[in-house]
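Containing mmCIF, C-alpha atoms: protein26.cif.
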data_input
loop_
_atom_site.label_atom_id
_atom_site.label_comp_id
_atom_site.auth_asym_id
_atom_site.auth_seq_id
_atom_site.Cartn_x
_atom_site.Cartn_y
_atom_site.Cartn_z
CA MET A 40 20.04 -37.55 -77.16
CA MET A 41 17.70 -38.34 -74.29
CA LYS A 42 14.27 -39.87 -73.96
CA THR A 43 12.67 -40.10 -70.53
CA ARG A 44 9.53 -42.10 -69.84
CA ILE A 45 9.72 -41.94 -66.31
CA LEU A 46 11.86 -46.20 -60.26
CA LEU A 47 13.02 -46.30 -57.57
CA ILE A 48 14.14 -43.81 -54.97
CA VAL A 49 15.38 -40.27 -55.46
CA PHE A 50 16.46 -38.19 -52.49
CA ILE A 51 14.91 -34.71 -52.27
CA LEU A 52 16.36 -32.14 -49.91
CA VAL A 53 13.63 -30.51 -47.85
CA PHE A 54 14.65 -27.15 -46.43
CA SER A 55 13.25 -27.03 -42.92
CA GLN A 56 14.78 -27.33 -39.49
CA PRO A 57 16.72 -29.54 -39.35
CA LEU A 58 17.76 -30.07 -42.96
CA ARG A 59 16.63 -33.53 -44.07
CA ALA A 60 15.95 -35.62 -47.15
CA ALA A 61 12.57 -36.87 -48.28
CA THR A 62 12.05 -39.92 -50.48
CA LEU A 63 10.29 -40.03 -53.82
CA VAL A 64 9.43 -43.37 -55.46
CA LEU A 65 9.53 -43.42 -59.28
CA GLU A 66 8.26 -46.01 -61.74
CA GLY A 67 8.97 -46.59 -65.43
CA GLY A 68 12.27 -46.20 -67.20
CA MET A 69 14.85 -43.85 -68.67
CA ASP A 70 17.16 -44.25 -71.62
CA GLY A 71 19.67 -42.15 -73.46
CA GLU A 72 22.60 -42.06 -75.88
CA ILE A 73 25.59 -39.89 -75.03
CA VAL A 74 28.61 -38.94 -77.14
CA VAL A 75 31.55 -38.36 -74.79
CA VAL A 76 34.63 -36.36 -75.75
CA GLN A 77 37.47 -36.17 -73.23
CA GLU A 78 40.73 -34.31 -73.82
CA ARG A 79 43.58 -34.46 -71.31
CA THR A 80 46.64 -32.24 -71.72
CA PHE A 81 49.92 -32.71 -69.86
CA SER A 82 51.98 -29.50 -69.79
CA VAL A 83 55.66 -30.22 -70.35
CA PRO A 84 58.26 -27.82 -68.87
CA PRO A 85 60.76 -26.10 -71.21
CA ALA A 86 63.49 -28.58 -70.27
CA GLY A 87 61.21 -31.46 -71.32
CA LEU A 88 60.40 -34.72 -69.55
CA SER A 89 62.53 -37.84 -69.68
CA LYS A 90 59.48 -40.04 -69.11
CA LEU A 91 55.68 -39.70 -68.75
CA VAL A 92 53.33 -42.59 -67.99
CA PHE A 93 49.54 -42.12 -68.07
CA ARG A 94 47.13 -44.89 -67.04
CA PHE A 95 43.43 -44.25 -67.59
CA ALA A 96 40.21 -46.23 -67.33
CA ASN A 97 38.38 -47.38 -70.42
CA PRO A 98 34.59 -47.20 -70.74
CA ALA A 99 32.90 -50.59 -70.60
CA ASN A 100 29.77 -52.57 -71.33
CA PHE A 101 27.88 -53.82 -68.27
CA ARG A 102 24.47 -54.95 -67.14
CA SER A 103 22.90 -54.98 -63.67
CA ALA A 104 19.41 -55.43 -62.27
CA THR A 105 18.53 -51.84 -63.18
CA VAL A 106 21.11 -50.52 -65.66
CA ASN A 107 22.31 -51.65 -69.09
CA GLN A 108 25.30 -49.73 -70.50
CA THR A 109 26.49 -50.39 -74.07
CA LEU A 110 29.66 -48.88 -75.55
CA SER A 111 30.39 -48.11 -79.22
CA LYS A 112 32.69 -46.00 -81.43
CA HIS A 113 35.57 -45.88 -78.95
CA ASN A 114 38.56 -44.00 -80.37
CA ILE A 115 41.74 -42.55 -78.84
CA VAL A 116 44.06 -40.05 -80.56
CA TYR A 117 47.45 -39.08 -79.12
CA SER A 118 49.66 -36.08 -79.82
CA PRO A 119 52.50 -36.83 -80.01
CA LYS A 120 52.26 -40.56 -80.60
CA PRO A 121 53.39 -42.43 -77.46
CA ASP A 122 56.36 -44.79 -77.49
CA SER A 123 54.15 -47.58 -76.18
CA GLU A 124 50.47 -48.27 -75.55
CA LYS A 125 48.96 -51.28 -73.82
CA THR A 126 45.58 -52.34 -72.48
CA GLU A 127 45.38 -54.27 -69.22
CA THR A 128 42.70 -55.71 -66.95
CA ASP A 129 43.08 -55.44 -63.19
CA GLN A 130 41.97 -57.87 -60.47
CA TYR A 131 38.51 -56.26 -60.29
CA GLY A 132 37.83 -56.69 -64.01
CA ASN A 133 38.47 -53.05 -64.94
CA SER A 134 40.06 -52.22 -68.31
CA TYR A 135 42.84 -49.62 -68.40
CA THR A 136 45.01 -48.16 -71.14
CA SER A 137 48.57 -47.32 -70.19
CA VAL A 138 50.73 -45.11 -72.45
CA LEU A 139 54.39 -44.15 -72.22
CA TRP A 140 56.27 -41.22 -73.73
CA MET A 141 60.05 -40.96 -73.56
CA ASN A 142 62.00 -37.70 -73.87
CA LEU A 143 58.95 -35.47 -74.30
CA LYS A 144 59.73 -32.00 -75.66
CA LYS A 145 56.15 -30.69 -76.02
CA ASN A 146 52.77 -31.04 -74.35
CA ALA A 147 51.14 -34.47 -74.51
CA ILE A 148 47.46 -34.62 -75.47
CA VAL A 149 45.10 -37.59 -75.19
CA LYS A 150 41.74 -37.12 -76.92
CA GLU A 151 39.20 -39.87 -76.36
CA THR A 152 35.73 -40.21 -77.88
CA PHE A 153 33.05 -42.86 -77.41
CA THR A 154 29.30 -43.33 -77.52
CA VAL A 155 27.38 -44.81 -74.61
CA ARG A 156 23.83 -46.16 -74.69
CA LEU A 157 22.16 -46.29 -71.25
CA VAL A 158 18.88 -48.02 -70.52
CA ILE A 159 17.58 -47.67 -66.96
CA GLU A 160 14.86 -50.13 -65.91
CA LEU A 161 12.94 -48.46 -63.10
CA LYS A 162 11.10 -51.46 -61.78
CA ASP A 163 10.17 -52.48 -58.27
CA ILE A 164 13.13 -54.47 -56.94
CA LYS A 165 12.64 -56.54 -53.83
CA SER A 166 15.27 -58.77 -52.29
CA SER A 167 14.44 -61.69 -50.01
CA ALA A 168 17.90 -61.56 -48.40
CA VAL A 169 17.75 -61.62 -44.63
CA PHE A 170 19.85 -59.48 -42.33
CA PRO A 171 22.43 -60.12 -41.04
CA LEU A 172 23.66 -61.82 -44.21
CA PRO A 173 24.94 -65.35 -43.51
CA VAL A 174 28.59 -65.40 -44.53
CA ASP A 175 28.11 -68.62 -46.51
CA THR A 176 25.72 -66.79 -48.88
CA ILE A 177 28.54 -64.43 -49.93
CA PRO A 178 30.84 -65.84 -52.64
CA VAL A 179 34.56 -65.72 -51.92
CA SER A 180 35.00 -63.39 -54.90
CA GLU A 181 32.75 -60.78 -53.25
CA ARG A 182 34.18 -61.00 -49.73
CA VAL A 183 37.01 -58.64 -50.71
CA TYR A 184 34.32 -55.94 -50.57
CA LEU A 185 33.86 -56.53 -46.85
CA LYS A 186 37.44 -55.69 -45.91
CA PRO A 187 38.84 -52.40 -44.58
CA THR A 188 41.02 -50.20 -46.80
CA GLU A 189 42.92 -46.94 -46.40
CA GLN A 190 39.80 -44.92 -47.28
CA VAL A 191 37.14 -47.32 -45.97
CA GLN A 192 38.00 -47.75 -42.29
CA VAL A 193 35.59 -50.56 -41.45
CA ASN A 194 37.23 -51.31 -38.09
CA ASP A 195 36.96 -47.78 -36.70
CA ALA A 196 35.03 -47.82 -33.41
CA GLU A 197 32.74 -44.89 -34.31
CA VAL A 198 31.97 -46.34 -37.75
CA GLN A 199 31.06 -49.68 -36.17
CA LYS A 200 28.96 -48.04 -33.47
CA LEU A 201 26.95 -46.01 -35.98
CA SER A 202 26.55 -48.96 -38.35
CA ALA A 203 25.15 -51.11 -35.54
CA ALA A 204 22.72 -48.38 -34.49
CA LEU A 205 21.45 -47.78 -38.03
CA THR A 206 20.84 -51.47 -38.73
CA LYS A 207 19.76 -52.79 -35.32
CA ASP A 208 16.07 -53.13 -36.24
CA ALA A 209 16.60 -54.38 -39.80
CA LYS A 210 15.24 -57.81 -40.65
CA THR A 211 16.26 -57.75 -44.31
CA GLU A 212 19.36 -56.58 -46.16
CA GLN A 213 17.26 -54.02 -48.00
CA GLU A 214 16.11 -52.48 -44.72
CA ALA A 215 19.70 -52.31 -43.47
CA VAL A 216 20.93 -50.64 -46.66
CA SER A 217 18.10 -48.10 -46.59
CA GLY A 218 18.82 -47.28 -42.96
CA VAL A 219 22.47 -46.55 -43.71
CA LEU A 220 21.97 -44.52 -46.89
CA ASN A 221 19.06 -42.50 -45.51
CA TRP A 222 21.29 -41.48 -42.59
CA VAL A 223 24.16 -40.50 -44.89
CA VAL A 224 22.03 -38.29 -47.14
CA ASP A 225 20.40 -36.68 -44.08
CA ASN A 226 23.65 -35.95 -42.26
CA ILE A 227 26.46 -35.40 -44.76
CA LYS A 228 26.69 -32.13 -46.68
CA TYR A 229 28.50 -31.73 -49.99
CA LYS A 230 31.74 -29.75 -49.87
CA THR A 231 34.76 -29.49 -52.15
CA PRO A 232 37.71 -29.21 -52.15
CA ILE A 233 38.50 -31.12 -48.99
CA PRO A 234 41.76 -32.51 -47.55
CA ASP A 235 40.68 -36.10 -46.84
CA TYR A 236 38.37 -38.57 -48.63
CA GLY A 237 38.25 -41.24 -45.93
CA ALA A 238 35.13 -42.54 -44.19
CA VAL A 239 36.34 -41.58 -40.70
CA TRP A 240 37.14 -37.98 -41.69
CA THR A 241 33.74 -37.70 -43.38
CA LEU A 242 31.93 -38.98 -40.30
CA LYS A 243 33.82 -36.59 -37.99
CA THR A 244 33.33 -33.47 -40.11
CA GLY A 245 29.92 -34.18 -41.64
CA HIS A 246 30.86 -33.12 -45.15
CA GLY A 247 32.80 -34.08 -48.27
CA ASN A 248 32.56 -34.73 -51.99
CA CYS A 249 31.27 -37.74 -53.93
CA GLN A 250 34.18 -39.94 -52.80
CA ASN A 251 33.46 -39.10 -49.17
CA TYR A 252 29.77 -39.99 -49.55
CA ALA A 253 30.72 -43.31 -51.14
CA HIS A 254 33.51 -44.20 -48.70
CA LEU A 255 31.40 -43.51 -45.60
CA SER A 256 28.38 -45.40 -46.98
CA ILE A 257 30.58 -48.34 -47.94
CA ALA A 258 32.31 -48.40 -44.54
CA LEU A 259 28.97 -48.45 -42.68
CA LEU A 260 27.63 -51.23 -44.91
CA ARG A 261 30.77 -53.36 -44.69
CA SER A 262 30.73 -52.96 -40.90
CA ALA A 263 27.25 -54.51 -41.03
CA GLY A 264 28.52 -57.45 -43.11
CA ILE A 265 27.12 -56.18 -46.44
CA PRO A 266 29.46 -56.21 -49.47
CA ALA A 267 29.73 -52.76 -51.05
CA ARG A 268 32.16 -51.30 -53.60
CA ILE A 269 32.96 -47.95 -55.15
CA VAL A 270 32.21 -47.10 -58.78
CA GLY A 271 34.31 -44.64 -60.75
CA GLY A 272 33.03 -42.94 -63.85
CA ILE A 273 31.71 -39.77 -65.46
CA SER A 274 28.65 -37.70 -64.59
CA LEU A 275 26.85 -35.26 -66.88
CA ASP A 276 25.42 -31.89 -65.85
CA LYS A 277 22.39 -32.06 -68.17
CA LYS A 278 19.42 -32.07 -65.81
CA TRP A 279 16.51 -34.50 -66.01
CA LYS A 280 12.92 -33.88 -65.02
CA VAL A 281 10.59 -36.08 -62.98
CA PRO A 282 6.88 -35.30 -63.65
CA MET A 283 4.80 -34.92 -60.47
CA THR A 284 1.11 -34.24 -59.86
CA ASP A 285 1.83 -30.69 -58.71
CA GLY A 286 4.62 -29.86 -61.16
CA SER A 287 8.00 -31.51 -61.62
CA LEU A 288 11.25 -32.29 -59.82
CA ILE A 289 14.48 -31.30 -61.54
CA GLN A 290 17.43 -33.56 -60.78
CA GLY A 291 20.99 -32.51 -61.58
CA ILE A 292 24.60 -33.28 -60.79
CA GLY A 293 27.98 -31.79 -61.64
CA GLN A 294 29.85 -32.80 -64.79
CA GLY A 295 33.17 -34.61 -64.76
CA GLY A 296 34.76 -37.42 -62.80
CA HIS A 297 32.31 -38.90 -60.29
CA ALA A 298 32.16 -41.68 -57.71
CA TRP A 299 29.14 -43.66 -56.58
CA MET A 300 28.70 -47.22 -55.30
CA GLU A 301 27.17 -50.67 -55.71
CA VAL A 302 25.72 -53.00 -53.08
CA TRP A 303 25.68 -56.80 -53.41
CA TYR A 304 22.52 -58.84 -52.81
CA PRO A 305 22.65 -62.68 -52.90
CA ASP A 306 19.46 -62.89 -55.00
CA ILE A 307 19.97 -59.81 -57.22
CA GLY A 308 23.71 -59.30 -57.60
CA TRP A 309 25.35 -55.86 -57.68
CA VAL A 310 22.93 -52.93 -57.67
CA ALA A 311 23.88 -49.28 -58.22
CA PHE A 312 23.29 -46.53 -55.65
CA ASP A 313 24.40 -42.91 -55.68
CA PRO A 314 24.60 -42.06 -51.96
CA GLN A 315 24.12 -38.38 -52.80
CA GLN A 316 20.94 -38.98 -54.79
CA SER A 317 19.39 -42.39 -55.34
CA HIS A 318 18.61 -45.93 -54.17
CA LEU A 319 18.71 -49.00 -56.43
CA PHE A 320 19.55 -47.12 -59.63
CA VAL A 321 21.60 -44.33 -61.15
CA SER A 322 20.33 -41.95 -63.79
CA PRO A 323 21.41 -41.85 -67.47
CA ARG A 324 23.78 -39.07 -66.39
CA HIS A 325 26.13 -41.68 -64.84
CA ILE A 326 28.65 -43.43 -67.13
CA LYS A 327 30.34 -46.32 -65.33
CA GLN A 328 34.00 -47.17 -65.96
CA THR A 329 35.52 -48.95 -62.96
CA VAL A 330 34.80 -50.68 -59.64
CA GLY A 331 37.02 -51.30 -56.64
CA ARG A 332 37.44 -51.44 -52.86
CA ASP A 333 37.87 -47.65 -52.65
CA SER A 334 38.82 -44.72 -54.88
CA VAL A 335 42.51 -45.68 -54.87
CA ASP A 336 41.53 -48.70 -57.00
CA VAL A 337 39.51 -46.74 -59.59
CA ASN A 338 41.29 -43.44 -60.20
CA ASP A 339 43.40 -42.61 -63.25
CA SER A 340 47.10 -42.07 -62.53
CA TRP A 341 50.18 -40.45 -64.08
CA ARG A 342 53.82 -40.11 -63.17
#

Output the structure of this file as structure tokens.
Amino acid sequence: MMKTRILLIVFILVFSQPLRAATLVLEGGMDGEIVVVQERTFSVPPAGLSKLVFRFANPANFRSATVNQTLSKHNIVYSPKPDSEKTETDQYGNSYTSVLWMNLKKNAIVKETFTVRLVIELKDIKSSAVFPLPVDTIPVSERVYLKPTEQVQVNDAEVQKLSAALTKDAKTEQEAVSGVLNWVVDNIKYKTPIPDYGAVWTLKTGHGNCQNYAHLSIALLRSAGIPARIVGGISLDKKWKVPMTDGSLIQGIGQGGHAWMEVWYPDIGWVAFDPQQSHLFVSPRHIKQTVGRDSVDVNDSWR
């Protein structure tokens, strides 16, 4: 169920030479209710498995400056019933369910259903944060999102050089963030599958999937002293329409597991961005589950 009233910034690809992105500013709001059904099947070989462990992210309630996500009717059904099931919270506040089967003789199925209510407030958001950000304005709890990781190579010389060039004229954090993300959407092309999700590989090749977009954007922002983190979740392929004076703009995205990002502002908090599509908000086709330093922190796992 979806109701759209029609802010902030949506990237539009303009096909000219060279390929570039234009910016459209939206005002109003969007809201929707989505029933999600996920079924994961693990194929067991004829000889069986002595042990299978599956750890997966749980959907969550959250609120930010632009998005309010509310969860209800969460239910998980297993076949066969696992030998153990536990829920745990990691160091970033994410909730995971971990299940264990011993001596499996047939396929294991996990069917999960839940309902998500999303309310997107498309209002004009302005931050008064200066750039560069004084370190003492960043809480210790958020400074972890300034550090390099395996996929977010903040200390790479080319990443640092580009970050400095993109933010050299910025007087505010908002200007610095816009400079970085406008460059990414102008210069990175979507491609999948790819062999590497890291920021450096993305910068060198100029293409990648949603994780690549997020990792490169995050690396450039962290190099500039701006806390940024990855978001893991689900995207929906149902398109949404933006009315315009000369027609309408249709926005869409693939369905399935998706990665986007959040940027921290001292006077606003964490604000969502999809570096493939939007500034300061994500659409009601994005269902958030986890946050972390990079995709290694937010992905489901099995062994």

> If we count only C-alpha atoms, what is near Arg332 (chain A) at a cut-off of 8 Å, once residues fewer than 5 positions away on the same chain are taken out, given as a PyMOL selection string?
Replying inline: chain A and resi 183-184+188+268-269

> For Leu255 (chain A), which residue out of A:Ser334, A:Pro305, A:Pro323, A:Ser274 is the nearest one, using only C-alpha atoms?
Replying inline: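 Smallest distance to Leu255 (chain A) is found for A:Ser334.
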
>> Which residues would end up in the selection if the PyMOL selection byres ((chain A and resi 324) around 9) were applied here, given that I need the answer as a VMD selection string?
In response: chain A and resid 71 73 157 273 to 279 291 to 292 294 321 to 323 325 to 326

>> Residues near region 164-174 of chain A, anyone? I mean within 6 Å using only C-alpha atoms, not counting same-chain ones fewer than 5 positions away, as number ranges by chain.
In response: A: 210-212

>> Excluding Ala86 (chain A) and its own-chain neighbours fewer than 6 positions away, which residues fall within 10 Å of it when counting only C-alpha atoms? Please give them as an MDAnalysis selection string.
In response: chainID A and resid 142:145

Okay, now the selection with C-alpha atoms, as a compact mmCIF listing (two decimals), in the frame of the given file?
# COMPACT_ATOMS: atom_id res chain seq x y z
CA ASN A 142 62.00 -37.70 -73.87
CA LEU A 143 58.95 -35.47 -74.30
CA LYS A 144 59.73 -32.00 -75.66
CA LYS A 145 56.15 -30.69 -76.02

Would you kindly translate the PyMOL selection byres ((chain A and resi 195) around 12) into the concrete residues it picks from this file, as an mmCIF file with C-alpha atoms, in the frame of the given file?
data_model
loop_
_atom_site.group_PDB
_atom_site.id
_atom_site.type_symbol
_atom_site.label_atom_id
_atom_site.label_comp_id
_atom_site.auth_asym_id
_atom_site.auth_seq_id
_atom_site.Cartn_x
_atom_site.Cartn_y
_atom_site.Cartn_z
ATOM 1 C CA PRO A 187 38.840 -52.400 -44.580
ATOM 2 C CA THR A 188 41.020 -50.200 -46.800
ATOM 3 C CA GLU A 189 42.920 -46.940 -46.400
ATOM 4 C CA GLN A 190 39.800 -44.920 -47.280
ATOM 5 C CA VAL A 191 37.140 -47.320 -45.970
ATOM 6 C CA GLN A 192 38.000 -47.750 -42.290
ATOM 7 C CA VAL A 193 35.590 -50.560 -41.450
ATOM 8 C CA ASN A 194 37.230 -51.310 -38.090
ATOM 9 C CA ALA A 196 35.030 -47.820 -33.410
ATOM 10 C CA GLU A 197 32.740 -44.890 -34.310
ATOM 11 C CA VAL A 198 31.970 -46.340 -37.750
ATOM 12 C CA GLN A 199 31.060 -49.680 -36.170
ATOM 13 C CA LYS A 200 28.960 -48.040 -33.470
ATOM 14 C CA LEU A 201 26.950 -46.010 -35.980
ATOM 15 C CA SER A 202 26.550 -48.960 -38.350
ATOM 16 C CA GLY A 237 38.250 -41.240 -45.930
ATOM 17 C CA ALA A 238 35.130 -42.540 -44.190
ATOM 18 C CA VAL A 239 36.340 -41.580 -40.700
ATOM 19 C CA TRP A 240 37.140 -37.980 -41.690
ATOM 20 C CA LEU A 242 31.930 -38.980 -40.300
ATOM 21 C CA LYS A 243 33.820 -36.590 -37.990
ATOM 22 C CA LEU A 255 31.400 -43.510 -45.600
ATOM 23 C CA ALA A 258 32.310 -48.400 -44.540
ATOM 24 C CA LEU A 259 28.970 -48.450 -42.680
ATOM 25 C CA ARG A 261 30.770 -53.360 -44.690
ATOM 26 C CA SER A 262 30.730 -52.960 -40.900
#

> Please, what distance in Å, to one decimal, runs between CA of Gln328 (chain A) and CA of Arg342 (chain A)?
Replying inline: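 That distance, rounded to one decimal, is 21.2 Å.
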